[in-house]
Each structure stands twice: as C-alpha cells, then as structure tokens.
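Student: One structure follows; several queries about it will come next.
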Amino acid sequence: LYNAISIRYALPVGGENIAAYIGAPRLVIADGSERFDTVKEGEVVDESPEPGEVIWRDDQGVTCRRWNWRQGVRTRLDASARQMWFILESLPAMPLIALQQASDDLISGLEQMMPGAQISATLIDAPAI
C-alpha cells in the first residue's frame, strides 16, 4: 500500500516497524561510517551510506537510505509487525494539499486493511534555515 502511494504521488514513503527501533528515529546527513543492513543477492549484508547522504537512523544504525527509498532489514515491516510508522517526505515544490491527500489515502487504505487499527498523523514542518 505505501509503495503504491509513493508511486501515485511521486514522493518517498517509508514503512517501518517502530518497535524494532533502538532510540528515537531521526533524519540526518550521513558521515559514511554508519551501519546499514540490506539484502544483496538474497543474503543480508552490511553497507555504509555515502558521506553526505540523507538517511534515517536510530541509535543502532541506518534504518533507511536515500530518504526513504532503501529500507533496512532490522526495521522493515513484516506480518508480525504491530507498531508501524509511515513517513511521507515532501520537498517545498510539492503542494501541502497533495501531501495531505497522500496521507489521507494511506490512512484510508490502512483502515480498510486493518479494521480497528489506532492511527494518528502528524505534520512535521522543516525548521527554517
């Protein structure tokens, strides 16, 4: 569902098992030394992001690379996940109304897939530079 929303609205959308996080998630610029677990040729391997790359991370390492395009193994969603966190990332060129519509579509789909789920949404605005 969240990949379909990503394609429909042409924006990075990530889905994470928030219960697998160690500490708080944060969006940072990589220094290149961070650990990122991924799958390559069917095997779990460790990589490092490029210095200067935008990453999501927690206290243990990288959870997503290239904004939300490359998912890590440790925090990915699977059938056992019960606490999910979805991140919809937009740049200033995307109208806020389009971001809100993407969020509404995701929430509507989640409600259909998981009746009774407790869902909340928060808009986090970028700090002024």
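The chains in the structure tokens are called A, B, ... from first to last as shown; in each chain the residues are counted from 1, and the ligands are counted from 1 in the order shown.
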Please provide the set of residues having any atom within 12 Å of Asp78 (chain A), restricted to only C-alpha atoms, with same-chain residues fewer than 2 positions apart removed, written as a list in words.
Tutor: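 The neighbour list is Gly15, Glu16, Asn17, Ile18, Ala19, Ala20, Val73, Arg74, Thr75, Arg76, Ser80, Ala81, Arg82, Gln83 and Met84 of chain A.
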Student: Would you mind exporting N, CA, C and O atoms of the selected residues as an mmCIF file, in the first residue's frame?
Tutor:
```
data_model
loop_
_atom_site.group_PDB
_atom_site.id
_atom_site.type_symbol
_atom_site.label_atom_id
_atom_site.label_comp_id
_atom_site.auth_asym_id
_atom_site.auth_seq_id
_atom_site.Cartn_x
_atom_site.Cartn_y
_atom_site.Cartn_z
ATOM 1 N N GLY A 15 7.782 2.661 5.284
ATOM 2 C CA GLY A 15 7.035 1.965 6.324
ATOM 3 C C GLY A 15 8.015 1.263 7.235
ATOM 4 O O GLY A 15 8.890 0.540 6.760
ATOM 5 N N GLU A 16 7.914 1.494 8.521
ATOM 6 C CA GLU A 16 8.881 0.982 9.481
ATOM 7 C C GLU A 16 8.197 0.265 10.638
ATOM 8 O O GLU A 16 7.113 0.665 11.063
ATOM 9 N N ASN A 17 8.863 -0.753 11.149
ATOM 10 C CA ASN A 17 8.438 -1.412 12.383
ATOM 11 C C ASN A 17 9.057 -0.612 13.523
ATOM 12 O O ASN A 17 10.206 -0.816 13.886
ATOM 13 N N ILE A 18 8.303 0.312 14.065
ATOM 14 C CA ILE A 18 8.842 1.230 15.071
ATOM 15 C C ILE A 18 9.264 0.493 16.339
ATOM 16 O O ILE A 18 10.159 0.942 17.052
ATOM 17 N N ALA A 19 8.691 -0.667 16.604
ATOM 18 C CA ALA A 19 9.080 -1.445 17.784
ATOM 19 C C ALA A 19 10.511 -1.978 17.657
ATOM 20 O O ALA A 19 11.134 -2.317 18.664
ATOM 21 N N ALA A 20 11.055 -2.040 16.450
ATOM 22 C CA ALA A 20 12.413 -2.540 16.238
ATOM 23 C C ALA A 20 13.467 -1.443 16.388
ATOM 24 O O ALA A 20 14.661 -1.727 16.350
ATOM 25 N N VAL A 73 16.924 -3.988 6.857
ATOM 26 C CA VAL A 73 16.326 -5.267 7.234
ATOM 27 C C VAL A 73 15.745 -5.218 8.643
ATOM 28 O O VAL A 73 14.625 -5.669 8.886
ATOM 29 N N ARG A 74 16.494 -4.662 9.583
ATOM 30 C CA ARG A 74 16.124 -4.715 11.000
ATOM 31 C C ARG A 74 14.776 -4.061 11.293
ATOM 32 O O ARG A 74 14.013 -4.549 12.124
ATOM 33 N N THR A 75 14.454 -2.982 10.603
ATOM 34 C CA THR A 75 13.226 -2.242 10.923
ATOM 35 C C THR A 75 12.136 -2.365 9.863
ATOM 36 O O THR A 75 11.121 -1.686 9.939
ATOM 37 N N ARG A 76 12.333 -3.254 8.895
ATOM 38 C CA ARG A 76 11.322 -3.373 7.841
ATOM 39 C C ARG A 76 10.039 -3.987 8.392
ATOM 40 O O ARG A 76 10.034 -4.709 9.389
ATOM 41 N N SER A 80 4.479 -9.812 11.230
ATOM 42 C CA SER A 80 4.435 -9.806 12.698
ATOM 43 C C SER A 80 4.446 -8.398 13.292
ATOM 44 O O SER A 80 4.222 -8.230 14.487
ATOM 45 N N ALA A 81 4.689 -7.379 12.493
ATOM 46 C CA ALA A 81 4.765 -6.004 12.995
ATOM 47 C C ALA A 81 3.409 -5.556 13.534
ATOM 48 O O ALA A 81 2.388 -5.741 12.881
ATOM 49 N N ARG A 82 3.425 -4.965 14.710
ATOM 50 C CA ARG A 82 2.191 -4.475 15.336
ATOM 51 C C ARG A 82 2.214 -2.969 15.580
ATOM 52 O O ARG A 82 1.195 -2.364 15.814
ATOM 53 N N GLN A 83 3.408 -2.372 15.527
ATOM 54 C CA GLN A 83 3.560 -0.926 15.689
ATOM 55 C C GLN A 83 4.272 -0.405 14.452
ATOM 56 O O GLN A 83 5.472 -0.613 14.279
ATOM 57 N N MET A 84 3.514 0.244 13.588
ATOM 58 C CA MET A 84 4.044 0.698 12.310
ATOM 59 C C MET A 84 4.125 2.209 12.278
ATOM 60 O O MET A 84 3.296 2.898 12.858
#
```
Student: Apply DSSP to the structure's backbone, then extract all residues of region 1-117 of chain A labelled strand (DSSP E or B) and return them as a VMD selection string.
Tutor: chain A and resid 13 to 17 26 to 29 36 to 40 43 to 47 54 to 57 62 to 65 70 to 71 84 to 88
Student: Could you write out, as a PyMOL selection string, all the residues of region 46-118 of chain A that DSSP marks as alpha helix (DSSP H)?
Tutor: chain A and resi 96-113
Student: Just the selected residues (N, CA and C atoms), exported as a JSON list (two decimals), in the first residue's frame, please.
Tutor:
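As written to disk, result_15.json reads:
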```json
[["chain", "number", "residue", "atom", "x", "y", "z"],
["A", 96, "LEU", "N", 1.28, 21.39, -0.21],
["A", 96, "LEU", "CA", 0.88, 20.75, 1.04],
["A", 96, "LEU", "C", -0.42, 19.97, 0.88],
["A", 97, "ILE", "N", -1.32, 20.44, 0.04],
["A", 97, "ILE", "CA", -2.59, 19.74, -0.18],
["A", 97, "ILE", "C", -2.36, 18.37, -0.80],
["A", 98, "ALA", "N", -1.35, 18.23, -1.67],
["A", 98, "ALA", "CA", -1.04, 16.94, -2.27],
["A", 98, "ALA", "C", -0.44, 15.99, -1.23],
["A", 99, "LEU", "N", 0.42, 16.51, -0.36],
["A", 99, "LEU", "CA", 0.97, 15.69, 0.72],
["A", 99, "LEU", "C", -0.15, 15.22, 1.64],
["A", 100, "GLN", "N", -1.09, 16.09, 1.96],
["A", 100, "GLN", "CA", -2.22, 15.72, 2.82],
["A", 100, "GLN", "C", -3.08, 14.67, 2.14],
["A", 101, "GLN", "N", -3.30, 14.78, 0.83],
["A", 101, "GLN", "CA", -4.10, 13.78, 0.12],
["A", 101, "GLN", "C", -3.41, 12.43, 0.13],
["A", 102, "ALA", "N", -2.09, 12.42, -0.05],
["A", 102, "ALA", "CA", -1.33, 11.16, 0.01],
["A", 102, "ALA", "C", -1.48, 10.53, 1.39],
["A", 103, "SER", "N", -1.37, 11.34, 2.43],
["A", 103, "SER", "CA", -1.55, 10.86, 3.80],
["A", 103, "SER", "C", -2.96, 10.31, 4.02],
["A", 104, "ASP", "N", -3.95, 11.03, 3.55],
["A", 104, "ASP", "CA", -5.34, 10.58, 3.69],
["A", 104, "ASP", "C", -5.56, 9.26, 2.97],
["A", 105, "ASP", "N", -4.98, 9.10, 1.77],
["A", 105, "ASP", "CA", -5.12, 7.85, 1.02],
["A", 105, "ASP", "C", -4.46, 6.69, 1.76],
["A", 106, "LEU", "N", -3.29, 6.94, 2.34],
["A", 106, "LEU", "CA", -2.61, 5.90, 3.11],
["A", 106, "LEU", "C", -3.45, 5.49, 4.32],
["A", 107, "ILE", "N", -3.94, 6.47, 5.05],
["A", 107, "ILE", "CA", -4.75, 6.18, 6.23],
["A", 107, "ILE", "C", -6.01, 5.41, 5.84],
["A", 108, "SER", "N", -6.68, 5.83, 4.78],
["A", 108, "SER", "CA", -7.89, 5.14, 4.33],
["A", 108, "SER", "C", -7.60, 3.68, 3.97],
["A", 109, "GLY", "N", -6.50, 3.46, 3.27],
["A", 109, "GLY", "CA", -6.13, 2.10, 2.91],
["A", 109, "GLY", "C", -5.78, 1.26, 4.12],
["A", 110, "LEU", "N", -5.06, 1.85, 5.09],
["A", 110, "LEU", "CA", -4.71, 1.12, 6.31],
["A", 110, "LEU", "C", -5.97, 0.74, 7.10],
["A", 111, "GLU", "N", -6.93, 1.66, 7.16],
["A", 111, "GLU", "CA", -8.18, 1.37, 7.87],
["A", 111, "GLU", "C", -8.94, 0.23, 7.21],
["A", 112, "GLN", "N", -8.90, 0.15, 5.88],
["A", 112, "GLN", "CA", -9.56, -0.95, 5.17],
["A", 112, "GLN", "C", -8.84, -2.27, 5.41],
["A", 113, "MET", "N", -7.51, -2.23, 5.43],
["A", 113, "MET", "CA", -6.71, -3.44, 5.59],
["A", 113, "MET", "C", -6.70, -3.95, 7.04]]
```
Student: A:Val28, A:Ala121, A:Ala93, A:Ala10: which is nearest Pro49 (chain A), counting only C-alpha atoms?
Tutor: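 That would be A:Val28, the residue with the smallest distance to Pro49 (chain A).
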Student: For Glu34 (chain A), list every protein, DNA or RNA residue within 7 Å, evaluated using only C-alpha atoms, and leave out those in the same chain fewer than 4 positions away; present the list as a PyMOL selection string.
Tutor: chain A and resi 48-49+61-62
Student: Which residue, A:Leu11, A:Ala30, A:Ala24, A:Val45, has the smallest gap to Gln60 (chain A) when you use only C-alpha atoms?
Tutor: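 Among the listed residues, the smallest separation from Gln60 (chain A) belongs to A:Ala24.
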Student: With distances taken over only C-alpha atoms, which residue among A:Asn3, A:Glu50, A:Asp37, A:Asn68 lies nearest Ile87 (chain A)?
Tutor: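 Between A:Asn3, A:Glu50, A:Asp37, A:Asn68, the residue approaching Ile87 (chain A) most closely is A:Asn68.
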Student: Given only C-alpha atoms as the basis, pick out the residue of A:Asp58, A:Ile7, A:Val39, A:Ser33 nearest to Gln71 (chain A).
Tutor: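 Looking only at the distances to Gln71 (chain A), the closest residue turns out to be A:Val39.
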Student: Here is a test: counting only C-alpha atoms, which residue of A:Val54, A:Val13, A:Leu77, A:Cys64 is nearest to Arg35 (chain A)?
Tutor: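 Under the stated criterion, the closest residue is A:Cys64.
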Student: Identify which of the residues A:Trp56, A:Ile5, A:Ile124, A:Gly116 lies closest to Arg26 (chain A), counting only C-alpha atoms when measuring atom-to-atom distances.
Tutor: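 Comparing A:Trp56, A:Ile5, A:Ile124, A:Gly116 against Arg26 (chain A), the winner is A:Trp56.
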Student: List the neighbours of Arg70 (chain A) out to 10 Å using only C-alpha atoms; skip same-chain residues closer than 3 positions along the sequence, and give me the result as a ChimeraX atom specification.
Tutor: /A:12,14,36,38,55,63-67,73
Student: Could you write those residues out with N, CA and C atoms, as a PDB file, in the first residue's frame?
Tutor:
```
ATOM      1  N   PRO A  12       8.833  10.019  -1.656  1.00  0.00           N
ATOM      2  CA  PRO A  12       9.318   8.921  -0.830  1.00  0.00           C
ATOM      3  C   PRO A  12       8.349   8.625   0.310  1.00  0.00           C
ATOM      4  N   GLY A  14       8.011   5.685   3.385  1.00  0.00           N
ATOM      5  CA  GLY A  14       8.624   4.539   4.045  1.00  0.00           C
ATOM      6  C   GLY A  14       7.691   3.963   5.086  1.00  0.00           C
ATOM      7  N   PHE A  36      24.431  -0.072   7.779  1.00  0.00           N
ATOM      8  CA  PHE A  36      23.125  -0.259   7.135  1.00  0.00           C
ATOM      9  C   PHE A  36      23.002  -1.711   6.698  1.00  0.00           C
ATOM     10  N   THR A  38      21.140  -4.603   4.669  1.00  0.00           N
ATOM     11  CA  THR A  38      20.297  -4.684   3.483  1.00  0.00           C
ATOM     12  C   THR A  38      20.393  -6.094   2.915  1.00  0.00           C
ATOM     13  N   ILE A  55      19.858  10.178   5.426  1.00  0.00           N
ATOM     14  CA  ILE A  55      19.467   8.874   5.973  1.00  0.00           C
ATOM     15  C   ILE A  55      18.520   9.048   7.160  1.00  0.00           C
ATOM     16  N   THR A  63      18.373   3.053   9.265  1.00  0.00           N
ATOM     17  CA  THR A  63      17.140   2.299   9.058  1.00  0.00           C
ATOM     18  C   THR A  63      16.637   2.438   7.623  1.00  0.00           C
ATOM     19  N   CYS A  64      16.905   3.567   6.988  1.00  0.00           N
ATOM     20  CA  CYS A  64      16.545   3.813   5.592  1.00  0.00           C
ATOM     21  C   CYS A  64      17.594   4.719   4.969  1.00  0.00           C
ATOM     22  N   ARG A  65      17.913   4.437   3.715  1.00  0.00           N
ATOM     23  CA  ARG A  65      18.853   5.271   2.969  1.00  0.00           C
ATOM     24  C   ARG A  65      18.133   5.988   1.839  1.00  0.00           C
ATOM     25  N   ARG A  66      18.807   7.033   1.366  1.00  0.00           N
ATOM     26  CA  ARG A  66      18.311   7.807   0.221  1.00  0.00           C
ATOM     27  C   ARG A  66      16.876   8.258   0.479  1.00  0.00           C
ATOM     28  N   TRP A  67      16.756   9.043   1.563  1.00  0.00           N
ATOM     29  CA  TRP A  67      15.476   9.443   2.109  1.00  0.00           C
ATOM     30  C   TRP A  67      14.767   8.152   2.520  1.00  0.00           C
ATOM     31  N   VAL A  73      16.924  -3.988   6.857  1.00  0.00           N
ATOM     32  CA  VAL A  73      16.326  -5.267   7.234  1.00  0.00           C
ATOM     33  C   VAL A  73      15.745  -5.218   8.643  1.00  0.00           C
TER      34      VAL A  73
END
```
